[in-house]
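Coordinates from work30.cif are shown below (mmCIF, C-alpha atoms and all ligand atoms).
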```cif
data_target
#
loop_
_atom_site.group_PDB
_atom_site.id
_atom_site.type_symbol
_atom_site.label_atom_id
_atom_site.label_comp_id
_atom_site.auth_asym_id
_atom_site.auth_seq_id
_atom_site.Cartn_x
_atom_site.Cartn_y
_atom_site.Cartn_z
ATOM 1 C CA MET A 1 123.843 84.220 115.552
ATOM 2 C CA PHE A 2 122.012 87.036 117.260
ATOM 3 C CA ASN A 3 120.821 89.887 115.050
ATOM 4 C CA LEU A 4 119.542 93.106 116.490
ATOM 5 C CA ILE A 5 118.108 96.182 114.827
ATOM 6 C CA LEU A 6 118.606 99.376 116.798
ATOM 7 C CA PHE A 7 115.823 101.648 115.665
ATOM 8 C CA GLY A 8 114.649 105.190 116.333
ATOM 9 C CA PRO A 9 114.650 108.683 114.820
ATOM 10 C CA PRO A 10 117.886 110.437 113.850
ATOM 11 C CA GLY A 11 119.579 111.731 116.991
ATOM 12 C CA SER A 12 117.895 109.220 119.307
ATOM 13 C CA GLY A 13 121.261 107.859 120.460
ATOM 14 C CA LYS A 14 121.562 104.813 118.191
ATOM 15 C CA GLY A 15 125.260 105.332 117.412
ATOM 16 C CA THR A 16 126.238 105.872 121.061
ATOM 17 C CA GLN A 17 124.241 102.894 122.308
ATOM 18 C CA ALA A 18 125.309 100.677 119.396
ATOM 19 C CA ALA A 19 128.968 101.025 120.395
ATOM 20 C CA LYS A 20 128.174 99.863 123.943
ATOM 21 C CA ILE A 21 125.844 97.043 122.907
ATOM 22 C CA THR A 22 128.183 95.614 120.260
ATOM 23 C CA GLU A 23 130.970 95.476 122.808
ATOM 24 C CA LYS A 24 128.861 93.767 125.464
ATOM 25 C CA TYR A 25 127.197 91.222 123.143
ATOM 26 C CA ASN A 26 130.079 90.751 120.685
ATOM 27 C CA LEU A 27 128.158 91.867 117.599
ATOM 28 C CA HIS A 28 129.263 93.640 114.421
ATOM 29 C CA HIS A 29 127.950 97.202 114.269
ATOM 30 C CA ILE A 30 126.734 98.147 110.801
ATOM 31 C CA SER A 31 125.485 101.701 110.359
ATOM 32 C CA THR A 32 124.403 102.479 106.802
ATOM 33 C CA GLY A 33 124.763 106.212 107.582
ATOM 34 C CA ASP A 34 128.412 105.655 108.646
ATOM 35 C CA LEU A 35 129.072 103.551 105.545
ATOM 36 C CA PHE A 36 127.703 106.304 103.292
ATOM 37 C CA ARG A 37 129.683 109.010 105.152
ATOM 38 C CA CYS A 38 132.853 106.943 104.696
ATOM 39 C CA GLU A 39 132.200 106.710 100.931
ATOM 40 C CA LEU A 40 131.637 110.479 100.838
ATOM 41 C CA LYS A 41 134.897 111.135 102.633
ATOM 42 C CA ASN A 42 136.789 108.865 100.236
ATOM 43 C CA GLU A 43 135.111 110.601 97.286
ATOM 44 C CA SER A 44 134.326 107.183 95.777
ATOM 45 C CA GLU A 45 131.843 106.738 92.911
ATOM 46 C CA LEU A 46 129.258 105.583 95.462
ATOM 47 C CA GLY A 47 130.072 108.598 97.627
ATOM 48 C CA LYS A 48 129.512 110.969 94.730
ATOM 49 C CA ALA A 49 126.250 109.239 93.829
ATOM 50 C CA VAL A 50 124.759 109.573 97.320
ATOM 51 C CA LYS A 51 126.077 113.002 98.375
ATOM 52 C CA ARG A 52 122.977 114.942 97.361
ATOM 53 C CA TYR A 53 120.690 112.663 99.379
ATOM 54 C CA LEU A 54 122.821 112.889 102.513
ATOM 55 C CA ASP A 55 123.172 116.672 102.220
ATOM 56 C CA LYS A 56 119.407 117.086 102.101
ATOM 57 C CA GLY A 57 118.665 114.401 104.692
ATOM 58 C CA GLU A 58 116.715 112.370 102.123
ATOM 59 C CA LEU A 59 116.748 108.588 101.854
ATOM 60 C CA VAL A 60 119.226 107.101 99.381
ATOM 61 C CA PRO A 61 117.389 104.919 96.801
ATOM 62 C CA ASP A 62 116.784 101.371 98.019
ATOM 63 C CA HIS A 63 118.736 99.564 95.295
ATOM 64 C CA ILE A 64 121.927 101.442 96.251
ATOM 65 C CA THR A 65 121.437 101.043 100.000
ATOM 66 C CA ILE A 66 120.479 97.364 99.865
ATOM 67 C CA LYS A 67 123.434 96.494 97.595
ATOM 68 C CA MET A 68 125.872 98.222 99.951
ATOM 69 C CA LEU A 69 124.379 96.546 103.036
ATOM 70 C CA ASN A 70 124.408 93.077 101.458
ATOM 71 C CA LYS A 71 128.054 93.482 100.478
ATOM 72 C CA LYS A 72 128.994 94.587 103.982
ATOM 73 C CA ILE A 73 127.162 91.746 105.742
ATOM 74 C CA GLN A 74 128.634 89.157 103.383
ATOM 75 C CA SER A 75 132.151 90.429 104.079
ATOM 76 C CA PHE A 76 132.222 88.802 107.547
ATOM 77 C CA GLU A 77 133.275 85.206 108.044
ATOM 78 C CA ASN A 78 131.375 83.309 110.751
ATOM 79 C CA PRO A 79 129.931 86.377 112.448
ATOM 80 C CA ASN A 80 128.491 86.071 115.935
ATOM 81 C CA GLY A 81 125.722 88.455 114.945
ATOM 82 C CA PHE A 82 124.968 91.958 113.741
ATOM 83 C CA LEU A 83 123.645 95.154 115.210
ATOM 84 C CA LEU A 84 122.050 97.133 112.390
ATOM 85 C CA ASP A 85 121.725 100.879 112.902
ATOM 86 C CA GLY A 86 119.874 103.001 110.342
ATOM 87 C CA PHE A 87 118.713 99.961 108.358
ATOM 88 C CA PRO A 88 116.049 98.911 107.427
ATOM 89 C CA ARG A 89 114.283 102.241 106.921
ATOM 90 C CA ASN A 90 111.259 101.028 104.941
ATOM 91 C CA LYS A 91 109.389 97.844 104.075
ATOM 92 C CA ALA A 92 111.398 97.136 100.899
ATOM 93 C CA GLN A 93 114.615 97.231 102.934
ATOM 94 C CA ALA A 94 113.089 95.025 105.650
ATOM 95 C CA ASP A 95 112.047 92.488 102.972
ATOM 96 C CA ALA A 96 115.525 92.578 101.427
ATOM 97 C CA LEU A 97 117.115 92.005 104.835
ATOM 98 C CA GLY A 98 114.811 89.045 105.438
ATOM 99 C CA GLU A 99 115.904 87.493 102.137
ATOM 100 C CA LEU A 100 119.591 88.044 102.813
ATOM 101 C CA PHE A 101 119.409 86.613 106.314
ATOM 102 C CA LYS A 102 117.450 83.632 105.000
ATOM 103 C CA GLU A 103 120.243 82.921 102.519
ATOM 104 C CA LEU A 104 122.699 83.059 105.400
ATOM 105 C CA GLY A 105 120.525 80.734 107.491
ATOM 106 C CA THR A 106 119.745 83.370 110.084
ATOM 107 C CA ASP A 107 117.045 85.946 110.900
ATOM 108 C CA VAL A 108 116.308 89.198 112.705
ATOM 109 C CA ASP A 109 115.940 88.380 116.404
ATOM 110 C CA LEU A 110 114.835 91.680 117.840
ATOM 111 C CA LEU A 111 114.206 95.325 116.975
ATOM 112 C CA LEU A 112 114.626 97.835 119.785
ATOM 113 C CA ALA A 113 113.186 101.285 119.091
ATOM 114 C CA LEU A 114 114.543 104.238 121.054
ATOM 115 C CA ASP A 115 111.617 106.471 121.858
ATOM 116 C CA VAL A 116 112.542 110.205 121.775
ATOM 117 C CA GLY A 117 110.230 113.112 120.838
ATOM 118 C CA GLU A 118 110.815 115.691 118.087
ATOM 119 C CA GLU A 119 111.840 118.692 120.234
ATOM 120 C CA GLU A 120 114.401 116.642 122.154
ATOM 121 C CA ILE A 121 115.726 115.310 118.817
ATOM 122 C CA VAL A 122 116.167 118.827 117.377
ATOM 123 C CA LYS A 123 117.955 119.948 120.540
ATOM 124 C CA ARG A 124 120.282 116.930 120.555
ATOM 125 C CA ILE A 125 121.196 117.121 116.857
ATOM 126 C CA LEU A 126 121.902 120.877 116.975
ATOM 127 C CA ASN A 127 124.193 120.143 119.894
ATOM 128 C CA ARG A 128 125.835 117.223 118.040
ATOM 129 C CA ALA A 129 126.404 119.564 115.043
ATOM 130 C CA LYS A 130 129.014 121.454 117.081
ATOM 131 C CA THR A 131 131.332 118.434 116.808
ATOM 132 C CA SER A 132 129.928 116.060 114.147
ATOM 133 C CA GLY A 133 130.826 118.210 111.144
ATOM 134 C CA ARG A 134 127.748 116.755 109.443
ATOM 135 C CA SER A 135 126.041 119.212 107.105
ATOM 136 C CA ASP A 136 122.695 117.462 107.723
ATOM 137 C CA ASP A 137 123.043 118.207 111.475
ATOM 138 C CA MET A 138 123.512 121.951 111.138
ATOM 139 C CA ASP A 139 120.238 123.128 109.662
ATOM 140 C CA GLU A 140 117.095 122.924 111.798
ATOM 141 C CA ASN A 141 114.866 122.596 108.710
ATOM 142 C CA ILE A 142 116.830 119.567 107.502
ATOM 143 C CA ILE A 143 116.694 118.026 110.990
ATOM 144 C CA ARG A 144 112.906 118.453 111.104
ATOM 145 C CA SER A 145 112.582 117.044 107.602
ATOM 146 C CA ARG A 146 114.666 113.968 108.568
ATOM 147 C CA TYR A 147 112.369 113.500 111.565
ATOM 148 C CA GLN A 148 109.290 113.745 109.287
ATOM 149 C CA ILE A 149 110.765 111.194 106.863
ATOM 150 C CA TYR A 150 111.277 108.909 109.858
ATOM 151 C CA LYS A 151 107.632 109.367 110.931
ATOM 152 C CA GLU A 152 106.229 108.958 107.455
ATOM 153 C CA PHE A 153 108.315 106.165 105.898
ATOM 154 C CA THR A 154 110.487 104.543 108.524
ATOM 155 C CA GLN A 155 108.283 104.100 111.569
ATOM 156 C CA ASN A 156 106.229 101.444 109.707
ATOM 157 C CA VAL A 157 109.243 99.174 110.024
ATOM 158 C CA PHE A 158 108.442 98.990 113.752
ATOM 159 C CA ASP A 159 104.954 97.611 112.983
ATOM 160 C CA TYR A 160 106.472 95.184 110.468
ATOM 161 C CA TYR A 161 108.522 93.509 113.206
ATOM 162 C CA LYS A 162 105.856 94.058 115.880
ATOM 163 C CA LYS A 163 103.532 91.785 113.911
ATOM 164 C CA LEU A 164 106.269 89.146 114.084
ATOM 165 C CA ASN A 165 106.481 89.713 117.847
ATOM 166 C CA LYS A 166 110.042 90.961 117.499
ATOM 167 C CA ALA A 167 109.777 94.703 118.245
ATOM 168 C CA LYS A 168 109.994 96.588 121.515
ATOM 169 C CA LYS A 169 110.030 100.285 122.417
ATOM 170 C CA VAL A 170 112.604 101.544 124.904
ATOM 171 C CA ASP A 171 112.535 104.978 126.531
ATOM 172 C CA GLY A 172 115.473 106.810 124.933
ATOM 173 C CA VAL A 173 115.455 109.835 127.260
ATOM 174 C CA GLY A 174 117.911 109.838 130.164
ATOM 175 C CA GLU A 175 121.584 109.399 130.944
ATOM 176 C CA ILE A 176 123.528 107.241 128.445
ATOM 177 C CA ASP A 177 124.076 104.433 130.979
ATOM 178 C CA VAL A 178 120.453 104.463 132.090
ATOM 179 C CA VAL A 179 119.250 104.045 128.501
ATOM 180 C CA PHE A 180 121.944 101.382 127.953
ATOM 181 C CA ASN A 181 120.639 99.407 130.936
ATOM 182 C CA ARG A 182 117.100 99.580 129.591
ATOM 183 C CA LEU A 183 118.329 98.217 126.241
ATOM 184 C CA CYS A 184 120.330 95.423 127.911
ATOM 185 C CA CYS A 185 117.295 94.406 129.983
ATOM 186 C CA ALA A 186 115.187 94.181 126.825
ATOM 187 C CA ILE A 187 117.879 92.109 125.042
ATOM 188 C CA ASP A 188 118.407 89.754 127.995
ATOM 189 C CA GLU A 189 114.683 89.297 128.457
ATOM 190 C CA HIS A 190 114.376 88.349 124.792
ATOM 191 C CA LYS A 191 117.350 85.968 124.946
ATOM 192 C CA ASP A 192 115.928 84.230 128.036
ATOM 193 C CA LYS A 193 112.597 83.536 126.326
HETATM 194 P P1 LIG A 201 121.979 108.234 109.633
HETATM 195 O O1 LIG A 201 123.401 108.358 110.038
HETATM 196 O O2 LIG A 201 121.397 106.868 109.891
HETATM 197 O O3 LIG A 201 121.116 109.338 110.190
HETATM 198 O O4 LIG A 201 121.942 108.409 108.047
HETATM 199 C C1 LIG A 201 122.414 109.575 107.414
HETATM 200 C C2 LIG A 201 121.888 109.633 106.004
HETATM 201 O O5 LIG A 201 122.354 108.488 105.259
HETATM 202 C C3 LIG A 201 120.368 109.587 105.863
HETATM 203 O O6 LIG A 201 119.764 110.864 106.032
HETATM 204 C C4 LIG A 201 120.228 109.058 104.439
HETATM 205 O O7 LIG A 201 120.527 110.074 103.483
HETATM 206 C C5 LIG A 201 121.349 108.023 104.359
HETATM 207 N N1 LIG A 201 120.908 106.684 104.823
HETATM 208 C C6 LIG A 201 121.394 105.998 105.892
HETATM 209 N N2 LIG A 201 120.784 104.807 106.003
HETATM 210 C C7 LIG A 201 119.883 104.734 105.003
HETATM 211 C C8 LIG A 201 118.918 103.765 104.605
HETATM 212 N N3 LIG A 201 118.762 102.618 105.286
HETATM 213 N N4 LIG A 201 118.162 104.034 103.512
HETATM 214 C C9 LIG A 201 118.316 105.170 102.814
HETATM 215 N N5 LIG A 201 119.174 106.153 103.149
HETATM 216 C C10 LIG A 201 119.961 105.943 104.237
#
```

Whole structure given in C-alpha cells:
Amino acid sequence: MFNLILFGPPGSGKGTQAAKITEKYNLHHISTGDLFRCELKNESELGKAVKRYLDKGELVPDHITIKMLNKKIQSFENPNGFLLDGFPRNKAQADALGELFKELGTDVDLLLALDVGEEEIVKRILNRAKTSGRSDDMDENIIRSRYQIYKEFTQNVFDYYKKLNKAKKVDGVGEIDVVFNRLCCAIDEHKDK
C-alpha cells in the first residue's frame, strides 16, 4: 500500500491535485471536508452535529472526525493505498491515523505540503466561492480565520512527519499541471528511495 497525505492551507489546491494524483497512482481519495459536506447535504444526524463548525470554518471535534475517518478507511477491501486530504489536522488526529494504519499493517508513506501564502489563498477562495456554494468560502473573515487555524493548529502536523523524514514542501503557486508535475516528481523520488 502507498499512503499519501496531501497537506496545505484551505484553498491551496488539494482537492484539484488529489483528483489527478489518485487517478495516476490508483489511490482512494478521502477528503474529510467532502465527507462532512456530504453528511450536511443529506441532513444526517452527523451532518446536523457538524454544521455549526463547518459554517464558521472551525475544526470539528477530534472524536467525531476520527470516528468518521476510521469508518471510511475500513470500508475498503484490499485498497492499493489512500490519499488523505484535510486529515490529519492536528497531532491527536495524526496519532489516531498512526494507530489505525498500524492495525491495518500499513503506515503513512509521505506528506506533501502545498505551499501557498495567505493573500493568494484569500483570492483563490473568494473566486472559488462563485461556484462552490460553500458558505465558508464566501466571507473573507471566515477565510482568514480558517487560514489562522491552519497556521496555529494544523501546520504542526508538517513537523510531526518531518521528524519522521516523511514530509516535503511543494510550491503550490502556478498552473495546475505545473504544480501536479512538482507533486509527481516528489512522489516518484520518494518511491525510488
Ligand atoms: P476542508 O474542505 O478540508 O477545507 O474542510 C472544511 C471544513 O470541514 C473545515 O473547516 C472543518 O470545519 C471540517 N473539517 C474537515 N476536515 C477536518 C478535520 N480533519 N478535523 C476537523 N475538522 C475538519

Nearby residues, (119.5, 95.7, 96.1) file frame, 12 Å, all atoms listed in the file, as number ranges by chain: A: 60-71, 92-97, 99-100

Result set, the PyMOL selection byres (((chain A and resi 140) around 12) and not hetatm) on current file, as a list of chain:residue names: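 Residues picked by the PyMOL selection byres (((chain A and resi 140) around 12) and not hetatm): A:Lys56, A:Gly57, A:Glu118, A:Glu119, A:Ile121, A:Val122, A:Lys123, A:Arg124, A:Ile125, A:Leu126, A:Asn127, A:Ala129, A:Ser135, A:Asp136, A:Asp137, A:Met138, A:Asp139, A:Asn141, A:Ile142, A:Ile143, A:Arg144, A:Ser145, A:Arg146, A:Tyr147.
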
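The space separating atom C9 of ligand LIG 201 (chain A) from atom CA of Lys91 of chain A comes to 11.6 Å.
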
Per residue of chain A within 6 Å of ligand LIG 201 (chain A), note the shortest atom pair and the distance in Å to one decimal, counting all atoms listed in the file, and order the rows by chain and increasing residue number, as a Markdown table.
```
| residue | atom | partner | partner_atom | distance |
| --- | --- | --- | --- | --- |
| A:Pro10 | CA | A:LIG201 | O3 | 5.0 |
| A:Thr32 | CA | A:LIG201 | N2 | 4.4 |
| A:Gly33 | CA | A:LIG201 | O1 | 3.5 |
| A:Asp34 | CA | A:LIG201 | O1 | 5.9 |
| A:Tyr53 | CA | A:LIG201 | O7 | 4.9 |
| A:Leu54 | CA | A:LIG201 | O7 | 3.8 |
| A:Gly57 | CA | A:LIG201 | O6 | 3.9 |
| A:Glu58 | CA | A:LIG201 | O7 | 4.7 |
| A:Leu59 | CA | A:LIG201 | N5 | 3.7 |
| A:Val60 | CA | A:LIG201 | N5 | 3.9 |
| A:Thr65 | CA | A:LIG201 | N4 | 5.7 |
| A:Gly86 | CA | A:LIG201 | O2 | 4.2 |
| A:Phe87 | CA | A:LIG201 | N3 | 4.1 |
| A:Pro88 | CA | A:LIG201 | N3 | 5.1 |
| A:Arg89 | CA | A:LIG201 | N3 | 4.8 |
```

List, as a PDB file with C-alpha atoms, in the coordinates of the input, every residue that the PyMOL selection byres (((chain A and resi 179) around 12) and not hetatm) selects in the file provided.
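Okay, expr-v4.pdb is ready:
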```pdb
ATOM      1  CA  SER A  12     117.895 109.220 119.307  1.00  0.00           C
ATOM      2  CA  GLY A  13     121.261 107.859 120.460  1.00  0.00           C
ATOM      3  CA  LYS A  14     121.562 104.813 118.191  1.00  0.00           C
ATOM      4  CA  THR A  16     126.238 105.872 121.061  1.00  0.00           C
ATOM      5  CA  GLN A  17     124.241 102.894 122.308  1.00  0.00           C
ATOM      6  CA  ALA A  18     125.309 100.677 119.396  1.00  0.00           C
ATOM      7  CA  LYS A  20     128.174  99.863 123.943  1.00  0.00           C
ATOM      8  CA  ILE A  21     125.844  97.043 122.907  1.00  0.00           C
ATOM      9  CA  LEU A 112     114.626  97.835 119.785  1.00  0.00           C
ATOM     10  CA  ALA A 113     113.186 101.285 119.091  1.00  0.00           C
ATOM     11  CA  LEU A 114     114.543 104.238 121.054  1.00  0.00           C
ATOM     12  CA  ASP A 115     111.617 106.471 121.858  1.00  0.00           C
ATOM     13  CA  VAL A 116     112.542 110.205 121.775  1.00  0.00           C
ATOM     14  CA  LYS A 169     110.030 100.285 122.417  1.00  0.00           C
ATOM     15  CA  VAL A 170     112.604 101.544 124.904  1.00  0.00           C
ATOM     16  CA  ASP A 171     112.535 104.978 126.531  1.00  0.00           C
ATOM     17  CA  GLY A 172     115.473 106.810 124.933  1.00  0.00           C
ATOM     18  CA  VAL A 173     115.455 109.835 127.260  1.00  0.00           C
ATOM     19  CA  GLY A 174     117.911 109.838 130.164  1.00  0.00           C
ATOM     20  CA  GLU A 175     121.584 109.399 130.944  1.00  0.00           C
ATOM     21  CA  ILE A 176     123.528 107.241 128.445  1.00  0.00           C
ATOM     22  CA  ASP A 177     124.076 104.433 130.979  1.00  0.00           C
ATOM     23  CA  VAL A 178     120.453 104.463 132.090  1.00  0.00           C
ATOM     24  CA  PHE A 180     121.944 101.382 127.953  1.00  0.00           C
ATOM     25  CA  ASN A 181     120.639  99.407 130.936  1.00  0.00           C
ATOM     26  CA  ARG A 182     117.100  99.580 129.591  1.00  0.00           C
ATOM     27  CA  LEU A 183     118.329  98.217 126.241  1.00  0.00           C
ATOM     28  CA  CYS A 184     120.330  95.423 127.911  1.00  0.00           C
ATOM     29  CA  CYS A 185     117.295  94.406 129.983  1.00  0.00           C
ATOM     30  CA  ALA A 186     115.187  94.181 126.825  1.00  0.00           C
TER      31      ALA A 186
END
```

Using all atoms listed in the file: which of A:Lys166, A:Pro79, A:Phe7, A:Asp188 has the shortest distance to Lys24 of chain A: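 Closest to Lys24 of chain A of all the choices is A:Asp188.
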
Distance in Å - atom CA of Lys130 of chain A versus atom CA of Phe36 of chain A: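 About the pair atom CA of Lys130 of chain A and atom CA of Phe36 of chain A: they are 20.5 Å apart.
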
Residue nearest Tyr160 of chain A - candidates A:Asp85, A:Asn80, A:Gly98, A:His28, atoms counted: all atoms listed in the file: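 Distance minimum relative to Tyr160 of chain A lands on A:Gly98.
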
Output check: residues returned by the PyMOL selection byres (((chain A and resi 37) around 12) and not hetatm), as a ChimeraX atom specification: /A:31-36,38-44,46-55,132-136

If you keep C-alpha atoms, can you produce a file of those selected residues as an mmCIF file, in the coordinates of the input?
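Produced file result09.cif, reproduced below:
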```cif
data_model
loop_
_atom_site.group_PDB
_atom_site.id
_atom_site.type_symbol
_atom_site.label_atom_id
_atom_site.label_comp_id
_atom_site.auth_asym_id
_atom_site.auth_seq_id
_atom_site.Cartn_x
_atom_site.Cartn_y
_atom_site.Cartn_z
ATOM 1 C CA SER A 31 125.485 101.701 110.359
ATOM 2 C CA THR A 32 124.403 102.479 106.802
ATOM 3 C CA GLY A 33 124.763 106.212 107.582
ATOM 4 C CA ASP A 34 128.412 105.655 108.646
ATOM 5 C CA LEU A 35 129.072 103.551 105.545
ATOM 6 C CA PHE A 36 127.703 106.304 103.292
ATOM 7 C CA CYS A 38 132.853 106.943 104.696
ATOM 8 C CA GLU A 39 132.200 106.710 100.931
ATOM 9 C CA LEU A 40 131.637 110.479 100.838
ATOM 10 C CA LYS A 41 134.897 111.135 102.633
ATOM 11 C CA ASN A 42 136.789 108.865 100.236
ATOM 12 C CA GLU A 43 135.111 110.601 97.286
ATOM 13 C CA SER A 44 134.326 107.183 95.777
ATOM 14 C CA LEU A 46 129.258 105.583 95.462
ATOM 15 C CA GLY A 47 130.072 108.598 97.627
ATOM 16 C CA LYS A 48 129.512 110.969 94.730
ATOM 17 C CA ALA A 49 126.250 109.239 93.829
ATOM 18 C CA VAL A 50 124.759 109.573 97.320
ATOM 19 C CA LYS A 51 126.077 113.002 98.375
ATOM 20 C CA ARG A 52 122.977 114.942 97.361
ATOM 21 C CA TYR A 53 120.690 112.663 99.379
ATOM 22 C CA LEU A 54 122.821 112.889 102.513
ATOM 23 C CA ASP A 55 123.172 116.672 102.220
ATOM 24 C CA SER A 132 129.928 116.060 114.147
ATOM 25 C CA GLY A 133 130.826 118.210 111.144
ATOM 26 C CA ARG A 134 127.748 116.755 109.443
ATOM 27 C CA SER A 135 126.041 119.212 107.105
ATOM 28 C CA ASP A 136 122.695 117.462 107.723
#
```

Enclose the full set of atoms of segment 110-123 of chain A listed in the file within a box whose edges lie along x, y and z, apply 4 Å of padding to each of the six sides, and report centre and edge lengths in Å to one decimal as lines of an AutoDock Vina configuration file.
```
center_x = 114.1
center_y = 105.8
center_z = 119.6
size_x = 15.7
size_y = 36.3
size_z = 13.2
```

A:Glu120, A:Glu189, A:Phe82, A:Lys72 ranked by distance to Thr106 of chain A, top pick (using all atoms listed in the file):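 So, comparing all the options, the nearest one is A:Phe82.
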
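The gap separating atom CA of Leu84 of chain A from atom CA of Asn165 of chain A is 18.1 Å, in Å to one decimal.
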
Nearest candidate to Ala19 of chain A (options A:Val157, A:Gln74, A:Leu6, A:Lys168; using all atoms listed in the file):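 Checking each candidate against Ala19 of chain A, we get A:Leu6 as the closest.
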
Best match for closeness to Glu152 of chain A among A:Ser75, A:Leu83, A:Pro9, A:Lys191, counting all atoms listed in the file: A:Pro9

Shortest interatomic distance to Ile73 of chain A - which of A:Ala167, A:Leu27, A:Gly117, A:Asp109, counting only C-alpha atoms: A:Leu27
